[in-house]
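Data block below; observations after.
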Amino acid sequence: LLGLAFLFVEIAFIQKLVLFLGHPLFAVVVVLSGFLVFAGLGSGAAPRLAGAVRTPVRLAVAAISGLCVVYVLATPVLAGLVGLATPLKVALALGLIAPLAFAMGMPFPLGLARVPGVLVPWAWGLNGFASVLSAALATLLAIEFGFSALVLAGAALYAGAGLLCPRAVDADQGGAASPA
């Protein structure tokens with residue numbers, strides 16, 4: 001679910017920011033670099049979150065899902081800001097991406113930390129497979145239902161991951177995964 005969801009949101013943001021930033025190349029560069037940098041920072045902060053709260057995966061996916069819904073509802077606001085200078089639009093786009101991408105970087109490492117060592121390669125493989133599949137699937141879904149629906153689908157996938165993880169990941173802070 002996480003591999004699908006991450007790229008659904010990322011691909012939708014690329015498209016949503018093309019008109020705002022004024023050029024497809026700007027959108028790709030800003031969104032990809034923004035998501036990778038801030039998701040990496042979120043991944044690095046994930047162990048601190050795991051030590052601070054009882055249900056870190058649930059908290060992360062709740063933040064992701066909530067931010068996705070807020071961003072879909074707030075998309076029309078960007079239309080009023082199209083006239084800003086490009087550097088300001090890039091800074092604004094990165095400012096919008098940062099909290100979402102930071103939260104999106106947390107679920108995978110939080111879950112991976114609880115996977116038995118023998119299953120870690122499988123977790124990486126399944127995530128990679130889902131990531132490759134999501135690029136084509138995101139395009140099909142966006143064409144059929146639109147980019148806002150794609151963001152909401154990503155939010156739903158993250159929420160589903162959160163619902164699947166609590167007993168297996170969040171409930172056991174001791175390290176070993178408990179049966180779901």
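Residues are referred to by chain and number: the chain letter is A, B, ... according to the order shown in the structure tokens, the number counts from 1 in that chain, and ligands are numbered separately from 1 in the order shown.
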
### Query
Near range 98-102 of chain A, within 10 Å and counting only C-alpha atoms, which residues show up once chain neighbours fewer than 2 positions away are dropped, as a PyMOL selection string?
chain A and resi 6+9-10+31+34-46+60+63-68+71+92-96+104-106

### Task
Excluding Leu152 in chain A and any residue of its chain fewer than 4 positions from it, enumerate the residues within 7 Å of it, using only C-alpha atoms, and give them as an MDAnalysis selection string.
chainID A and resid 68:69 148 156

Can I get the selected residues back with C-alpha atoms, as a tab-separated table (two decimals), in the first residue's frame?
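Okay, out-v4.tsv is ready:
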chain	number	residue	atom	x	y	z
A	68	CYS	CA	-3.96	15.23	1.34
A	69	VAL	CA	-7.60	16.16	1.91
A	148	SER	CA	-7.61	15.20	-7.09
A	156	ALA	CA	-6.99	6.21	1.34

### Task
List the neighbours of Tyr158 in chain A out to 7 Å using only C-alpha atoms; skip same-chain residues closer than 6 positions along the sequence, and give me the result as a count of residues only.
5

### Task
Select, from A:Cys165, A:Ala155, A:Ala12, A:Val30, the residue with the minimum atom-to-atom distance to Leu110 in chain A, counting only C-alpha atoms.
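So, comparing all the options, the nearest one is A:Cys165.
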
### Message
Quick check for you: according to DSSP on this backbone, which residues of range 104-161 of chain A are classed as alpha helix (DSSP H)? Reply as a PyMOL selection string.
### Response
chain A and resi 104+107-112+120-145+147-161

Go ahead and save the residues from that selection, with N, CA and C atoms, as a tab-separated table (two decimals), in the first residue's frame.
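Written file, out08.tsv:
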chain	number	residue	atom	x	y	z
A	104	MET	N	5.12	11.48	4.88
A	104	MET	CA	5.12	10.33	3.99
A	104	MET	C	6.41	9.51	4.09
A	107	PRO	N	6.12	6.13	7.47
A	107	PRO	CA	5.51	4.80	7.64
A	107	PRO	C	6.40	3.62	7.24
A	108	PHE	N	7.10	3.72	6.13
A	108	PHE	CA	7.91	2.58	5.68
A	108	PHE	C	9.02	2.24	6.68
A	109	PRO	N	9.85	3.20	7.11
A	109	PRO	CA	10.88	2.82	8.06
A	109	PRO	C	10.32	2.39	9.42
A	110	LEU	N	9.19	2.97	9.82
A	110	LEU	CA	8.57	2.54	11.08
A	110	LEU	C	8.11	1.09	10.99
A	111	GLY	N	7.52	0.73	9.87
A	111	GLY	CA	7.09	-0.65	9.68
A	111	GLY	C	8.27	-1.58	9.47
A	112	LEU	N	9.25	-1.15	8.70
A	112	LEU	CA	10.41	-1.98	8.40
A	112	LEU	C	11.21	-2.31	9.66
A	120	VAL	N	12.80	-8.73	5.58
A	120	VAL	CA	13.17	-7.39	5.12
A	120	VAL	C	13.36	-7.34	3.60
A	121	PRO	N	14.08	-8.28	2.98
A	121	PRO	CA	14.19	-8.23	1.51
A	121	PRO	C	12.82	-8.32	0.81
A	122	TRP	N	11.91	-9.10	1.38
A	122	TRP	CA	10.58	-9.20	0.80
A	122	TRP	C	9.84	-7.87	0.92
A	123	ALA	N	9.98	-7.21	2.05
A	123	ALA	CA	9.32	-5.91	2.24
A	123	ALA	C	9.84	-4.90	1.22
A	124	TRP	N	11.16	-4.86	1.03
A	124	TRP	CA	11.73	-3.96	0.04
A	124	TRP	C	11.28	-4.33	-1.37
A	125	GLY	N	11.25	-5.61	-1.67
A	125	GLY	CA	10.83	-6.07	-2.99
A	125	GLY	C	9.38	-5.73	-3.28
A	126	LEU	N	8.51	-5.96	-2.32
A	126	LEU	CA	7.09	-5.64	-2.51
A	126	LEU	C	6.88	-4.14	-2.65
A	127	ASN	N	7.62	-3.36	-1.87
A	127	ASN	CA	7.52	-1.90	-1.99
A	127	ASN	C	8.00	-1.44	-3.37
A	128	GLY	N	9.09	-2.02	-3.84
A	128	GLY	CA	9.59	-1.67	-5.17
A	128	GLY	C	8.62	-2.06	-6.27
A	129	PHE	N	8.05	-3.26	-6.16
A	129	PHE	CA	7.06	-3.71	-7.14
A	129	PHE	C	5.86	-2.76	-7.17
A	130	ALA	N	5.36	-2.40	-5.99
A	130	ALA	CA	4.21	-1.49	-5.91
A	130	ALA	C	4.56	-0.12	-6.48
A	131	SER	N	5.79	0.32	-6.26
A	131	SER	CA	6.21	1.62	-6.79
A	131	SER	C	6.24	1.62	-8.31
A	132	VAL	N	6.71	0.54	-8.91
A	132	VAL	CA	6.73	0.45	-10.37
A	132	VAL	C	5.31	0.36	-10.92
A	133	LEU	N	4.50	-0.45	-10.30
A	133	LEU	CA	3.10	-0.60	-10.71
A	133	LEU	C	2.35	0.72	-10.59
A	134	SER	N	2.65	1.48	-9.54
A	134	SER	CA	1.89	2.70	-9.28
A	134	SER	C	2.07	3.76	-10.36
A	135	ALA	N	3.21	3.80	-11.01
A	135	ALA	CA	3.42	4.81	-12.06
A	135	ALA	C	2.41	4.64	-13.18
A	136	ALA	N	2.25	3.43	-13.66
A	136	ALA	CA	1.27	3.17	-14.73
A	136	ALA	C	-0.16	3.29	-14.21
A	137	LEU	N	-0.41	2.75	-13.03
A	137	LEU	CA	-1.76	2.79	-12.47
A	137	LEU	C	-2.19	4.22	-12.15
A	138	ALA	N	-1.25	5.03	-11.66
A	138	ALA	CA	-1.57	6.44	-11.36
A	138	ALA	C	-1.99	7.17	-12.63
A	139	THR	N	-1.31	6.91	-13.72
A	139	THR	CA	-1.66	7.56	-14.99
A	139	THR	C	-3.06	7.17	-15.42
A	140	LEU	N	-3.36	5.89	-15.35
A	140	LEU	CA	-4.70	5.42	-15.73
A	140	LEU	C	-5.79	6.02	-14.84
A	141	LEU	N	-5.55	6.01	-13.55
A	141	LEU	CA	-6.54	6.56	-12.61
A	141	LEU	C	-6.72	8.06	-12.80
A	142	ALA	N	-5.63	8.77	-13.03
A	142	ALA	CA	-5.71	10.22	-13.22
A	142	ALA	C	-6.48	10.56	-14.50
A	143	ILE	N	-6.26	9.80	-15.56
A	143	ILE	CA	-6.98	10.05	-16.81
A	143	ILE	C	-8.47	9.80	-16.62
A	144	GLU	N	-8.79	8.74	-15.90
A	144	GLU	CA	-10.20	8.37	-15.73
A	144	GLU	C	-10.93	9.23	-14.69
A	145	PHE	N	-10.24	9.55	-13.57
A	145	PHE	CA	-10.93	10.19	-12.45
A	145	PHE	C	-10.39	11.56	-12.07
A	147	PHE	N	-6.78	14.21	-11.10
A	147	PHE	CA	-5.63	14.21	-10.19
A	147	PHE	C	-6.04	14.39	-8.73
A	148	SER	N	-7.14	15.09	-8.47
A	148	SER	CA	-7.61	15.20	-7.09
A	148	SER	C	-8.03	13.83	-6.57
A	149	ALA	N	-8.69	13.06	-7.42
A	149	ALA	CA	-9.08	11.70	-7.03
A	149	ALA	C	-7.84	10.84	-6.78
A	150	LEU	N	-6.78	11.07	-7.53
A	150	LEU	CA	-5.55	10.32	-7.34
A	150	LEU	C	-4.92	10.63	-5.98
A	151	VAL	N	-4.91	11.91	-5.59
A	151	VAL	CA	-4.41	12.29	-4.27
A	151	VAL	C	-5.26	11.64	-3.18
A	152	LEU	N	-6.57	11.68	-3.35
A	152	LEU	CA	-7.46	11.07	-2.35
A	152	LEU	C	-7.29	9.55	-2.31
A	153	ALA	N	-7.03	8.94	-3.45
A	153	ALA	CA	-6.75	7.49	-3.47
A	153	ALA	C	-5.46	7.20	-2.71
A	154	GLY	N	-4.45	8.03	-2.89
A	154	GLY	CA	-3.22	7.88	-2.12
A	154	GLY	C	-3.47	8.02	-0.63
A	155	ALA	N	-4.29	9.01	-0.25
A	155	ALA	CA	-4.63	9.19	1.17
A	155	ALA	C	-5.35	7.96	1.71
A	156	ALA	N	-6.25	7.40	0.92
A	156	ALA	CA	-6.99	6.21	1.34
A	156	ALA	C	-6.05	5.01	1.49
A	157	LEU	N	-5.09	4.88	0.59
A	157	LEU	CA	-4.12	3.79	0.70
A	157	LEU	C	-3.27	3.94	1.96
A	158	TYR	N	-2.85	5.16	2.26
A	158	TYR	CA	-2.11	5.38	3.49
A	158	TYR	C	-2.98	5.04	4.70
A	159	ALA	N	-4.23	5.46	4.68
A	159	ALA	CA	-5.14	5.14	5.79
A	159	ALA	C	-5.29	3.62	5.92
A	160	GLY	N	-5.41	2.93	4.80
A	160	GLY	CA	-5.49	1.48	4.84
A	160	GLY	C	-4.25	0.85	5.43
A	161	ALA	N	-3.09	1.39	5.09
A	161	ALA	CA	-1.84	0.88	5.67
A	161	ALA	C	-1.84	1.10	7.18
